[in-house]
2 protein chains.
Amino acid sequence: MTTLLNDRDLQFLLYEFLDTEALLDRPRYADHSREIFDATLDTAREIAADLFAPHNAKGDANEPHFDGERVHLVPETKAAWDAFAQAGFLSAHWNENEGGLQMPEVVLRSAIAYFKSANVATASYSFLSIGAANLLRSFGMQEQKTRYLAQMGDGRFSGTMALTEPGQGSALGDITTRAELQADGTYRLFGQKMFISGGDHNLTDNIVHMVLARIKGAPAGVKGISLFLVPKYLVNDNGSLGARNDVTLAGLLHKMGWRNTTSTVLSFGEKGGAVGTLVGEAGKGLGHMFQMMNEARIGIGLCAAAIAYRAYLLTLDYARERPQGRRPSCKDPLSPQVKLIEHVDVRRMLLAQKAYAEGALAMCLYASSLFEDQHTHADPQVRRDAGLLLDLLTPVVKSWASKYGCASNDLAIQILGGSGYIREYQQEQLYRDQRLNPIHEGAEAIHGIDLLGRKVIMQSGAAYRLFRTAVDATLEEGRTFAGIELLSAGFTTPLARLDSVTAQLAQLQAGDPERALANAIVYLDAFGRIFAAWIWLKQALVAQRGLATANDADRDFYSGKIHAARYYCNWELPATLPQFDLLAGVEETPLTMQDAWF
Amino acid sequence: MTTLLNDRDLQFLLYEFLDTEALLDRPRYADHSREIFDATLDTAREIAADLFAPHNAKGDANEPHFDGERVHLVPETKAAWDAFAQAGFLSAHWNENEGGLQMPEVVLRSAIAYFKSANVATASYSFLSIGAANLLRSFGMQEQKTRYLAQMGDGRFSGTMALTEPGQGSALGDITTRAELQADGTYRLFGQKMFISGGDHNLTDNIVHMVLARIKGAPAGVKGISLFLVPKYLVNDNGSLGARNDVTLAGLLHKMGWRNTTSTVLSFGEKGGAVGTLVGEAGKGLGHMFQMMNEARIGIGLCAAAIAYRAYLLTLDYARERPQGRRPSCKDPLSPQVKLIEHVDVRRMLLAQKAYAEGALAMCLYASSLFEDQHTHADPQVRRDAGLLLDLLTPVVKSWASKYGCASNDLAIQILGGSGYIREYQQEQLYRDQRLNPIHEGAEAIHGIDLLGRKVIMQSGAAYRLFRTAVDATLEEGRTFAGIELLSAGFTTPLARLDSVTAQLAQLQAGDPERALANAIVYLDAFGRIFAAWIWLKQALVAQRGLATANDADRDFYSGKIHAARYYCNWELPATLPQFDLLAGVEETPLTMQDAWF
């Protein structure tokens, strides 16, 4: 039996940590019930265990290959895709009038976490398709929606996001793919895109690429970028497939992990131009794409959380079963070996794994609940606030989950030792899979600059203040709560330092952005630690309350939550203090380092 | 052209940071010269670049396989082995009367760093052989030496160290392989060993396994362990090969990296007993093996340093060539893209890589110079002190280099972004190769307990005091040295905390070893940071002195050393402070965590 997530934890996060049942009061969810939510999770768990997990290693060992005409994946991938689509997950969050189930974001994300834990590479095809369809739903013309959306919702078509080019990397303003307007209102696209995940495969009848390009004559930089829909096959008015479009697979890239996800180089317009249609407004392409990227950033956080979680559960099983040595106080070589988990340093590593994996999942679901409030809360002020807070926290969720997800998988290998390093055990692949997450959807430095250079100062710091108010409310509660008060006290200095450093660097940005943003990555990590500690404190509060009336199993579960919060607050929160010293001193060693000195 | 190490840096480390030329005054090196040392390095660099580096990726992509009878490696491996042996590197450190070149340890280790940078998997066969032969040189009977040593020195035979068993992992006291004494004085061995690197291959005529086993009737635990020499083929009195011994390859393991090194499961005695001879004293096997393990621990540090170094140099090339975006202060999208290295966060990552890679290499060569002094210094007091200090620092060198070597390779991937994650670039393999180093030759936790539970308290803290005296001497020098005084000042608090925490935990060990050692891994990292900062301060002092008379290229080189020291002291040394808080408070979260709470 493959355990993909701790189901008790997911119940805790949805119904105790978050108040997901309260969503049932909102008109959009009037026909739902907790039973429907739970049944959705059950379906996801079953399909993930039955059709995604079993070929995770096989897809890794048998990478997709291109025979010059078609791309081949291990056949289990198609069965997994079909089951996912048939269960309705591609369009579960759509409105009923679009053919969806009106499933709340936070429930859908929870369900999807099972797939990511089971097989992130196979799950990524649907992840990208959902994002591409969401773009179309938000910005597409009715004609485009009619032609594509139903087939993207039921799994006949899949989607991609085609941003990156060989010569440009993270700087999207420099993309060069061009689009030429035709007499019939369509465009012809010319250029090359790189690292396009799911850019070709044999899972669906068609692939809908959402492509960033410049309309001929558009201004330089981000203002000249527009968004286009470019299908692999043209689609006739009756929905049937037409001619092959001028999009060709120039090659597959060979990744360290996520191997069953094709990573492609795509050529547009080698034979006269790829037919595309404009999505949304000309020149607003990057803004439109940011909707998809922001969703994807939380989605990458969720990938990281799921892979870390899978590793944690596997490690825990191993540590409970594997006999290994004795405790330091035992000098009798004839005494029986203890289990790995008896060694205190193994427990430290497991606690860190738990803090990272469960913490990342809690973060992602909290972000999803903000997304939910932003879109469906009755009160417009709550909607605005939720949107602001989500904007602020998106770079933090993405980068904290990715960074400490990698740390969780690293610890997993360390606990298994030699067995962690060989492909005979699953940890080896999970470690390789996880390493992608700090790179895609914006490498870490991008998120540091986004947080410090944009998010904390936007609207005169309104989002930052919302965050601080939320943290203060939890601390206020914790301060007088027996068992939690010491944890709360640990926040005092880090929060005061965060406030002063934020104000100092916000001010410095006006005059000297290079210096103010030079150490943005340190700010991002310090902010992330405080955010994570808060997420853990909130969990500990709920758990402490739950203890009063808990049965034996729940007592253990809640005690684990409180103890993991203690671990995080005692071991990882204080590391912010030297970080704040460095930030407050505007440390300049990287800034003043010269190329020739390396 | 493959750049494996910065040759200028190696010259700096050998002749400025260390005083390797002073060795020429010792009788053992009277016939040597700096020219001979440098020619040795040249030879190593050439063979490594010509015969090791070119098949690094090929050996990774085409893992060794076993056809049921023989193990096959990519054929370039044999050519590399032969060239290494023919150049005399297997026995370069042996005395002339043994057939060696009396090469100093520090020069030989420097030479070997080139091979490890070029291809750690292929280099590991010689690494293990040298260690096995050293064991035989130290503890073997004349008869054993006569039969095996010359053929191990010239590369006809290779060697292994066979410690680990499937059911025992890091706890060597629990090994169960047994040895039965025969009438002729030889033994028959029965048991299974796992993760034996180089345990089978087609490079040499014979393989000499140095095996830990229990003589029938020996006491339990480490006191019952003896060391045996068990060859793959028996060797006749005239040196020719005899019958196949009863050692069989039960299977190959499939590693994440180091793929061209076979990792084997070996069965001893499936057909009546593997013929072995006792090496050294019965019951002292683990002590004897520790000679090899201690050498190997510095050797693993050097592997980590070399892989980190290779990654650093490759990243630097990429960052200097790859155009990418603009600096934050530039708002003009028509301005040309800058090179990656222009981005301050990329320079921060490169500085960290430099600090880790060059710092680890400096550490390893410093440790080798201690080994040298321990064995060849004229003054017996200096010999004793060097041995003590090396004992203290061995776990630190091994674990710091491994941990921050992984960090260097991680940063390399982050700087390359998507290109770092695909196998089309070398960084991907280096990242996987590096991950083994924190595992083999003792996982990190082992070294934490070794340092805090044994090394800092041995001989009433004599080794610790030697270390502190050496650090204080450097600080004294730095305090009045313009350009260095600020760096020196940064040591004051960390050192005072190290002293007090060390005393506190040493005392606590007497009564409560579980609590005292619970956070030994934190102590190890804090100690490592101080040690690394000292290594960097020493380098900065030498560089600052060199600046006075330097030419332009050397000015850049020295400035880089000083700036990297500044990076390390400002960014990484202060992180010890929350670590010392945690240690001083004897933080108990991992200790009190219950199995059922996970």
# chains A, B, ... in the order shown; residues from 1 in each chain; ligands from 1

call {"tool": "closest_atom_pairs", "arguments": {"of": "chain A", "to": "chain B", "cutoff": "7 Å", "atoms": "only C-alpha atoms", "output": "JSON lines"}}
result
{"residue": "A:Gln168", "atom": "CA", "partner": "B:Gln324", "partner_atom": "CA", "distance": 6.1}
{"residue": "A:Gly169", "atom": "CA", "partner": "B:Gln324", "partner_atom": "CA", "distance": 6.7}
{"residue": "A:Ala171", "atom": "CA", "partner": "B:Gly325", "partner_atom": "CA", "distance": 4.9}
{"residue": "A:Ala220", "atom": "CA", "partner": "B:Pro333", "partner_atom": "CA", "distance": 5.9}
{"residue": "A:Gly221", "atom": "CA", "partner": "B:Pro333", "partner_atom": "CA", "distance": 4.7}
{"residue": "A:Leu253", "atom": "CA", "partner": "B:Ile422", "partner_atom": "CA", "distance": 6.6}
{"residue": "A:His254", "atom": "CA", "partner": "B:Ile422", "partner_atom": "CA", "distance": 5.3}
{"residue": "A:Lys255", "atom": "CA", "partner": "B:Ile422", "partner_atom": "CA", "distance": 4.1}
{"residue": "A:Met256", "atom": "CA", "partner": "B:Tyr421", "partner_atom": "CA", "distance": 5.7}
{"residue": "A:Gln324", "atom": "CA", "partner": "B:Gln168", "partner_atom": "CA", "distance": 6.1}
{"residue": "A:Gly325", "atom": "CA", "partner": "B:Ala171", "partner_atom": "CA", "distance": 4.9}
{"residue": "A:Pro328", "atom": "CA", "partner": "B:Glu514", "partner_atom": "CA", "distance": 6.1}
{"residue": "A:Ser329", "atom": "CA", "partner": "B:Pro513", "partner_atom": "CA", "distance": 6.1}
{"residue": "A:Pro333", "atom": "CA", "partner": "B:Gly221", "partner_atom": "CA", "distance": 4.7}
{"residue": "A:Leu334", "atom": "CA", "partner": "B:Ala220", "partner_atom": "CA", "distance": 6.2}
{"residue": "A:Val344", "atom": "CA", "partner": "B:Leu591", "partner_atom": "CA", "distance": 5.6}
{"residue": "A:Asp345", "atom": "CA", "partner": "B:Ala445", "partner_atom": "CA", "distance": 6.7}
{"residue": "A:Arg347", "atom": "CA", "partner": "B:Pro590", "partner_atom": "CA", "distance": 5.5}
{"residue": "A:Arg348", "atom": "CA", "partner": "B:Pro590", "partner_atom": "CA", "distance": 4.8}
{"residue": "A:Gln414", "atom": "CA", "partner": "B:Ile439", "partner_atom": "CA", "distance": 6.6}
{"residue": "A:Gly417", "atom": "CA", "partner": "B:Ile439", "partner_atom": "CA", "distance": 5.8}
{"residue": "A:Gly418", "atom": "CA", "partner": "B:Ile439", "partner_atom": "CA", "distance": 6.6}
{"residue": "A:Tyr421", "atom": "CA", "partner": "B:Met256", "partner_atom": "CA", "distance": 5.7}
{"residue": "A:Ile422", "atom": "CA", "partner": "B:Lys255", "partner_atom": "CA", "distance": 4.1}
{"residue": "A:Arg423", "atom": "CA", "partner": "B:His254", "partner_atom": "CA", "distance": 5.5}
{"residue": "A:Glu424", "atom": "CA", "partner": "B:His254", "partner_atom": "CA", "distance": 6.9}
{"residue": "A:Glu428", "atom": "CA", "partner": "B:Met256", "partner_atom": "CA", "distance": 6.6}
{"residue": "A:Leu436", "atom": "CA", "partner": "B:Tyr421", "partner_atom": "CA", "distance": 6.9}
{"residue": "A:Ile439", "atom": "CA", "partner": "B:Gly417", "partner_atom": "CA", "distance": 5.8}
{"residue": "A:Ala445", "atom": "CA", "partner": "B:Asp345", "partner_atom": "CA", "distance": 6.7}
{"residue": "A:Pro513", "atom": "CA", "partner": "B:Ser329", "partner_atom": "CA", "distance": 6.1}
{"residue": "A:Glu514", "atom": "CA", "partner": "B:Pro328", "partner_atom": "CA", "distance": 6.1}
{"residue": "A:Ala518", "atom": "CA", "partner": "B:Val344", "partner_atom": "CA", "distance": 6.0}
{"residue": "A:Asp556", "atom": "CA", "partner": "B:Trp597", "partner_atom": "CA", "distance": 4.7}
{"residue": "A:Phe557", "atom": "CA", "partner": "B:Trp597", "partner_atom": "CA", "distance": 5.6}
{"residue": "A:Ser559", "atom": "CA", "partner": "B:Trp597", "partner_atom": "CA", "distance": 6.0}
{"residue": "A:Gly560", "atom": "CA", "partner": "B:Trp597", "partner_atom": "CA", "distance": 4.3}
{"residue": "A:His563", "atom": "CA", "partner": "B:Met593", "partner_atom": "CA", "distance": 6.9}
{"residue": "A:Arg566", "atom": "CA", "partner": "B:Thr589", "partner_atom": "CA", "distance": 7.0}
{"residue": "A:Tyr567", "atom": "CA", "partner": "B:Thr589", "partner_atom": "CA", "distance": 5.9}
{"residue": "A:Pro574", "atom": "CA", "partner": "B:Pro578", "partner_atom": "CA", "distance": 6.1}
{"residue": "A:Ala575", "atom": "CA", "partner": "B:Pro578", "partner_atom": "CA", "distance": 6.1}
{"residue": "A:Pro578", "atom": "CA", "partner": "B:Pro574", "partner_atom": "CA", "distance": 6.1}
{"residue": "A:Thr589", "atom": "CA", "partner": "B:Tyr567", "partner_atom": "CA", "distance": 5.9}
{"residue": "A:Pro590", "atom": "CA", "partner": "B:Arg348", "partner_atom": "CA", "distance": 4.8}
{"residue": "A:Leu591", "atom": "CA", "partner": "B:Val344", "partner_atom": "CA", "distance": 5.6}
{"residue": "A:Met593", "atom": "CA", "partner": "B:His563", "partner_atom": "CA", "distance": 6.9}
{"residue": "A:Ala596", "atom": "CA", "partner": "B:Asp556", "partner_atom": "CA", "distance": 6.1}
{"residue": "A:Trp597", "atom": "CA", "partner": "B:Gly560", "partner_atom": "CA", "distance": 4.3}
{"residue": "A:Phe598", "atom": "CA", "partner": "B:Gly560", "partner_atom": "CA", "distance": 5.7}

call {"tool": "residues_around", "arguments": {"residues": "A:Lys271", "least_positions_apart": "4", "cutoff": "12 Å", "atoms": "only C-alpha atoms", "output": "VMD selection string"}}
result
chain A and resid 188 to 191 244 to 248 267 275

call {"tool": "residues_around", "arguments": {"residues": "stretch 276-282 of chain B", "least_positions_apart": "4", "cutoff": "8 Å", "atoms": "only C-alpha atoms", "output": "PyMOL selection string"}}
result
chain B and resi 136+139-141+185-189+215+224-231+288

call {"tool": "select_by_dssp", "arguments": {"residues": "stretch 159-305 of chain A", "states": "helix (DSSP H, G or I)", "output": "PyMOL selection string"}}
result
chain A and resi 172-174+222-224+285-305

call {"tool": "write_last_selection", "arguments": {"atoms": "N, CA, C and O atoms", "output": "compact mmCIF listing (two decimals), in the first residue's frame"}}
result
# COMPACT_ATOMS: atom_id res chain seq x y z
N LEU A 172 11.95 37.89 -19.05
CA LEU A 172 10.91 37.71 -20.06
C LEU A 172 10.81 38.89 -21.01
O LEU A 172 10.35 38.75 -22.15
N GLY A 173 11.25 40.06 -20.58
CA GLY A 173 11.20 41.24 -21.44
C GLY A 173 12.00 41.07 -22.73
O GLY A 173 11.76 41.79 -23.70
N ASP A 174 12.92 40.13 -22.73
CA ASP A 174 13.81 39.98 -23.88
C ASP A 174 13.38 38.90 -24.87
O ASP A 174 14.15 38.55 -25.76
N VAL A 222 8.75 44.53 -21.75
CA VAL A 222 7.56 43.76 -21.40
C VAL A 222 6.29 44.36 -22.02
O VAL A 222 5.31 43.65 -22.24
N LYS A 223 6.30 45.64 -22.31
CA LYS A 223 5.08 46.27 -22.85
C LYS A 223 4.78 45.84 -24.27
O LYS A 223 3.68 46.10 -24.78
N GLY A 224 5.73 45.20 -24.92
CA GLY A 224 5.50 44.76 -26.29
C GLY A 224 5.11 43.29 -26.40
O GLY A 224 5.06 42.74 -27.49
N GLY A 285 0.27 40.80 -22.71
CA GLY A 285 0.49 39.35 -22.62
C GLY A 285 1.14 38.92 -21.32
O GLY A 285 0.76 37.91 -20.72
N LEU A 286 2.12 39.71 -20.88
CA LEU A 286 2.82 39.29 -19.68
C LEU A 286 1.90 39.38 -18.46
O LEU A 286 1.91 38.50 -17.59
N GLY A 287 1.10 40.42 -18.43
CA GLY A 287 0.14 40.56 -17.33
C GLY A 287 -0.83 39.39 -17.30
O GLY A 287 -1.12 38.83 -16.24
N HIS A 288 -1.35 39.03 -18.48
CA HIS A 288 -2.26 37.89 -18.54
C HIS A 288 -1.54 36.61 -18.07
O HIS A 288 -2.07 35.82 -17.30
N MET A 289 -0.33 36.44 -18.59
CA MET A 289 0.41 35.23 -18.26
C MET A 289 0.70 35.15 -16.77
O MET A 289 0.82 34.06 -16.21
N PHE A 290 0.80 36.33 -16.15
CA PHE A 290 1.09 36.31 -14.71
C PHE A 290 -0.04 35.65 -13.92
O PHE A 290 0.20 35.13 -12.83
N GLN A 291 -1.26 35.69 -14.46
CA GLN A 291 -2.31 34.94 -13.76
C GLN A 291 -1.92 33.47 -13.68
O GLN A 291 -1.97 32.84 -12.63
N MET A 292 -1.50 32.96 -14.84
CA MET A 292 -1.11 31.55 -14.89
C MET A 292 0.13 31.31 -14.05
O MET A 292 0.23 30.32 -13.35
N MET A 293 1.08 32.27 -14.10
CA MET A 293 2.32 32.07 -13.36
C MET A 293 2.06 32.11 -11.86
O MET A 293 2.67 31.36 -11.11
N ASN A 294 1.19 33.00 -11.43
CA ASN A 294 0.91 33.05 -9.98
C ASN A 294 0.23 31.78 -9.51
O ASN A 294 0.58 31.24 -8.45
N GLU A 295 -0.72 31.31 -10.30
CA GLU A 295 -1.32 30.01 -9.96
C GLU A 295 -0.24 28.93 -9.95
O GLU A 295 -0.18 28.08 -9.07
N ALA A 296 0.62 29.00 -10.98
CA ALA A 296 1.65 27.97 -11.11
C ALA A 296 2.65 28.03 -9.97
O ALA A 296 3.20 27.02 -9.56
N ARG A 297 2.88 29.23 -9.46
CA ARG A 297 3.84 29.34 -8.36
C ARG A 297 3.33 28.64 -7.11
O ARG A 297 4.07 27.92 -6.44
N ILE A 298 2.05 28.85 -6.82
CA ILE A 298 1.48 28.09 -5.71
C ILE A 298 1.50 26.59 -6.07
O ILE A 298 1.77 25.73 -5.23
N GLY A 299 1.24 26.32 -7.33
CA GLY A 299 1.27 24.92 -7.79
C GLY A 299 2.64 24.29 -7.62
O GLY A 299 2.75 23.11 -7.26
N ILE A 300 3.69 25.05 -7.88
CA ILE A 300 5.05 24.51 -7.69
C ILE A 300 5.33 24.33 -6.19
O ILE A 300 5.94 23.34 -5.78
N GLY A 301 4.84 25.27 -5.40
CA GLY A 301 4.94 25.07 -3.95
C GLY A 301 4.30 23.76 -3.55
O GLY A 301 4.83 23.01 -2.73
N LEU A 302 3.15 23.47 -4.17
CA LEU A 302 2.44 22.23 -3.84
C LEU A 302 3.20 21.00 -4.35
O LEU A 302 3.21 19.96 -3.69
N CYS A 303 3.83 21.11 -5.50
CA CYS A 303 4.70 20.01 -5.97
C CYS A 303 5.79 19.75 -4.93
O CYS A 303 6.06 18.59 -4.58
N ALA A 304 6.40 20.83 -4.49
CA ALA A 304 7.51 20.70 -3.53
C ALA A 304 7.00 20.09 -2.22
O ALA A 304 7.64 19.21 -1.64
N ALA A 305 5.84 20.57 -1.78
CA ALA A 305 5.26 20.04 -0.54
C ALA A 305 4.99 18.54 -0.69
O ALA A 305 5.29 17.74 0.20

call {"tool": "residues_around", "arguments": {"residues": "stretch 65-71 of chain B", "least_positions_apart": "2", "cutoff": "9 Å", "atoms": "only C-alpha atoms", "output": "list in words"}}
result
Asn62, Glu63, Leu73, Asp200, His201, Asn202, Leu249, Gly251, Leu252 and Thr262 of chain B

call {"tool": "write_last_selection", "arguments": {"atoms": "N, CA and C atoms", "output": "JSON list (two decimals), in the first residue's frame"}}
result
[["chain", "number", "residue", "atom", "x", "y", "z"],
["B", 62, "ASN", "N", 26.67, 5.20, -18.99],
["B", 62, "ASN", "CA", 26.79, 3.77, -19.30],
["B", 62, "ASN", "C", 27.34, 3.05, -18.08],
["B", 63, "GLU", "N", 26.44, 2.85, -17.15],
["B", 63, "GLU", "CA", 26.77, 2.26, -15.86],
["B", 63, "GLU", "C", 27.42, 0.88, -16.02],
["B", 73, "LEU", "N", 32.99, -2.28, -17.59],
["B", 73, "LEU", "CA", 33.01, -0.82, -17.44],
["B", 73, "LEU", "C", 33.30, -0.22, -18.81],
["B", 200, "ASP", "N", 34.12, -5.40, -7.49],
["B", 200, "ASP", "CA", 34.42, -6.22, -8.67],
["B", 200, "ASP", "C", 34.52, -5.29, -9.88],
["B", 201, "HIS", "N", 35.34, -5.67, -10.83],
["B", 201, "HIS", "CA", 35.55, -4.87, -12.06],
["B", 201, "HIS", "C", 36.54, -5.61, -12.94],
["B", 202, "ASN", "N", 36.82, -5.06, -14.10],
["B", 202, "ASN", "CA", 37.74, -5.71, -15.04],
["B", 202, "ASN", "C", 39.02, -4.90, -15.25],
["B", 249, "LEU", "N", 30.35, -12.05, -6.57],
["B", 249, "LEU", "CA", 29.55, -10.84, -6.71],
["B", 249, "LEU", "C", 28.07, -11.22, -6.66],
["B", 251, "GLY", "N", 25.69, -8.96, -6.52],
["B", 251, "GLY", "CA", 24.94, -7.99, -7.32],
["B", 251, "GLY", "C", 25.58, -6.62, -7.30],
["B", 252, "LEU", "N", 25.22, -5.85, -8.30],
["B", 252, "LEU", "CA", 25.65, -4.45, -8.36],
["B", 252, "LEU", "C", 24.51, -3.57, -7.85],
["B", 262, "THR", "N", 31.88, 0.72, -9.42],
["B", 262, "THR", "CA", 30.95, -0.35, -9.06],
["B", 262, "THR", "C", 30.69, -0.30, -7.56]]

call {"tool": "residues_around", "arguments": {"residues": "stretch 362-376 of chain A", "least_positions_apart": "3", "cutoff": "7 Å", "atoms": "only C-alpha atoms", "output": "number ranges by chain"}}
result
A: 13, 104-106, 298, 301-302, 358-359, 383-384, 386-387, 390, 397, 535

call {"tool": "write_last_selection", "arguments": {"atoms": "N, CA and C atoms", "output": "mmCIF file, in the first residue's frame"}}
result
data_model
loop_
_atom_site.group_PDB
_atom_site.id
_atom_site.type_symbol
_atom_site.label_atom_id
_atom_site.label_comp_id
_atom_site.auth_asym_id
_atom_site.auth_seq_id
_atom_site.Cartn_x
_atom_site.Cartn_y
_atom_site.Cartn_z
ATOM 1 N N LEU A 13 -5.851 19.977 8.187
ATOM 2 C CA LEU A 13 -5.581 21.244 7.494
ATOM 3 C C LEU A 13 -6.866 21.842 6.919
ATOM 4 N N PRO A 104 -14.323 24.002 -4.702
ATOM 5 C CA PRO A 104 -13.469 25.066 -4.153
ATOM 6 C C PRO A 104 -11.985 24.782 -4.439
ATOM 7 N N GLU A 105 -11.270 25.871 -4.641
ATOM 8 C CA GLU A 105 -9.837 25.795 -4.924
ATOM 9 C C GLU A 105 -9.093 24.953 -3.882
ATOM 10 N N VAL A 106 -9.395 25.178 -2.632
ATOM 11 C CA VAL A 106 -8.616 24.539 -1.564
ATOM 12 C C VAL A 106 -8.860 23.028 -1.533
ATOM 13 N N ILE A 298 2.052 28.852 -6.818
ATOM 14 C CA ILE A 298 1.484 28.087 -5.705
ATOM 15 C C ILE A 298 1.496 26.594 -6.068
ATOM 16 N N GLY A 301 4.837 25.270 -5.403
ATOM 17 C CA GLY A 301 4.940 25.074 -3.954
ATOM 18 C C GLY A 301 4.295 23.761 -3.548
ATOM 19 N N LEU A 302 3.148 23.472 -4.166
ATOM 20 C CA LEU A 302 2.439 22.233 -3.842
ATOM 21 C C LEU A 302 3.198 20.998 -4.349
ATOM 22 N N GLU A 358 4.877 19.036 6.100
ATOM 23 C CA GLU A 358 3.545 19.439 6.553
ATOM 24 C C GLU A 358 3.407 20.961 6.534
ATOM 25 N N GLY A 359 4.501 21.656 6.849
ATOM 26 C CA GLY A 359 4.474 23.118 6.814
ATOM 27 C C GLY A 359 4.220 23.642 5.410
ATOM 28 N N ARG A 383 -12.383 40.245 0.113
ATOM 29 C CA ARG A 383 -11.867 39.802 -1.186
ATOM 30 C C ARG A 383 -10.591 40.561 -1.546
ATOM 31 N N ARG A 384 -10.648 41.882 -1.385
ATOM 32 C CA ARG A 384 -9.464 42.686 -1.716
ATOM 33 C C ARG A 384 -8.280 42.301 -0.825
ATOM 34 N N ALA A 386 -7.725 39.559 0.803
ATOM 35 C CA ALA A 386 -7.220 38.206 0.520
ATOM 36 C C ALA A 386 -6.335 38.228 -0.724
ATOM 37 N N GLY A 387 -6.758 38.997 -1.722
ATOM 38 C CA GLY A 387 -5.963 39.097 -2.951
ATOM 39 C C GLY A 387 -4.608 39.731 -2.679
ATOM 40 N N LEU A 390 -2.413 37.298 -0.720
ATOM 41 C CA LEU A 390 -1.952 36.218 -1.606
ATOM 42 C C LEU A 390 -0.834 36.714 -2.518
ATOM 43 N N VAL A 397 5.623 31.444 -0.544
ATOM 44 C CA VAL A 397 5.149 30.057 -0.577
ATOM 45 C C VAL A 397 5.962 29.256 -1.590
ATOM 46 N N ILE A 535 2.738 29.776 10.458
ATOM 47 C CA ILE A 535 1.894 28.655 10.003
ATOM 48 C C ILE A 535 1.948 27.518 11.025
#

call {"tool": "atom_distance", "arguments": {"atom1": "atom CA of A:Lys193", "atom2": "atom CA of A:Val208"}}
result
14.3 Å

call {"tool": "atom_distance", "arguments": {"atom1": "atom CA of B:Glu180", "atom2": "atom CA of B:Lys216"}}
result
5.7 Å

call {"tool": "residues_around", "arguments": {"residues": "A:Gln151", "least_positions_apart": "3", "cutoff": "10 Å", "atoms": "only C-alpha atoms", "output": "ChimeraX atom specification"}}
result
/A:133,145-148,154-158,204-206,239

call {"tool": "write_last_selection", "arguments": {"atoms": "N, CA, C and O atoms", "output": "short mmCIF file (atom, residue, chain, number, x, y, z; two decimals), in the first residue's frame"}}
result
data_model
loop_
_atom_site.label_atom_id
_atom_site.label_comp_id
_atom_site.auth_asym_id
_atom_site.auth_seq_id
_atom_site.Cartn_x
_atom_site.Cartn_y
_atom_site.Cartn_z
N ALA A 133 -5.94 26.36 -19.58
CA ALA A 133 -7.39 26.53 -19.72
C ALA A 133 -7.89 27.70 -18.88
O ALA A 133 -8.77 28.46 -19.32
N LYS A 145 -12.94 30.22 -26.77
CA LYS A 145 -13.44 29.31 -25.73
C LYS A 145 -14.27 28.19 -26.35
O LYS A 145 -14.13 27.02 -26.00
N THR A 146 -15.13 28.58 -27.27
CA THR A 146 -15.99 27.57 -27.90
C THR A 146 -15.16 26.50 -28.60
O THR A 146 -15.46 25.31 -28.55
N ARG A 147 -14.11 26.95 -29.24
CA ARG A 147 -13.33 26.02 -30.04
C ARG A 147 -12.45 25.09 -29.18
O ARG A 147 -12.20 23.95 -29.56
N TYR A 148 -11.98 25.60 -28.05
CA TYR A 148 -10.96 24.84 -27.31
C TYR A 148 -11.36 24.36 -25.92
O TYR A 148 -10.87 23.34 -25.45
N ASP A 154 -12.21 18.20 -20.86
CA ASP A 154 -12.48 16.76 -20.75
C ASP A 154 -11.26 15.91 -21.12
O ASP A 154 -11.34 14.68 -21.16
N GLY A 155 -10.13 16.56 -21.41
CA GLY A 155 -8.90 15.81 -21.58
C GLY A 155 -8.56 15.39 -23.00
O GLY A 155 -7.56 14.70 -23.21
N ARG A 156 -9.37 15.81 -23.98
CA ARG A 156 -8.98 15.49 -25.35
C ARG A 156 -7.81 16.36 -25.80
O ARG A 156 -6.98 15.93 -26.58
N PHE A 157 -7.79 17.61 -25.29
CA PHE A 157 -6.67 18.51 -25.57
C PHE A 157 -5.91 18.76 -24.26
O PHE A 157 -6.50 18.76 -23.18
N SER A 158 -4.64 19.00 -24.37
CA SER A 158 -3.87 19.46 -23.21
C SER A 158 -3.31 20.84 -23.51
O SER A 158 -3.46 21.34 -24.63
N THR A 204 -2.78 13.24 -25.84
CA THR A 204 -4.03 13.90 -26.24
C THR A 204 -4.05 14.10 -27.75
O THR A 204 -3.01 14.04 -28.42
N ASP A 205 -5.25 14.37 -28.25
CA ASP A 205 -5.40 14.60 -29.69
C ASP A 205 -4.72 15.89 -30.13
O ASP A 205 -4.31 16.01 -31.28
N ASN A 206 -4.62 16.82 -29.21
CA ASN A 206 -4.11 18.13 -29.59
C ASN A 206 -3.44 18.77 -28.38
O ASN A 206 -3.71 18.38 -27.24
N GLY A 239 -15.15 21.62 -34.40
CA GLY A 239 -14.39 21.02 -33.31
C GLY A 239 -13.46 19.90 -33.75
O GLY A 239 -12.63 19.43 -32.96
#
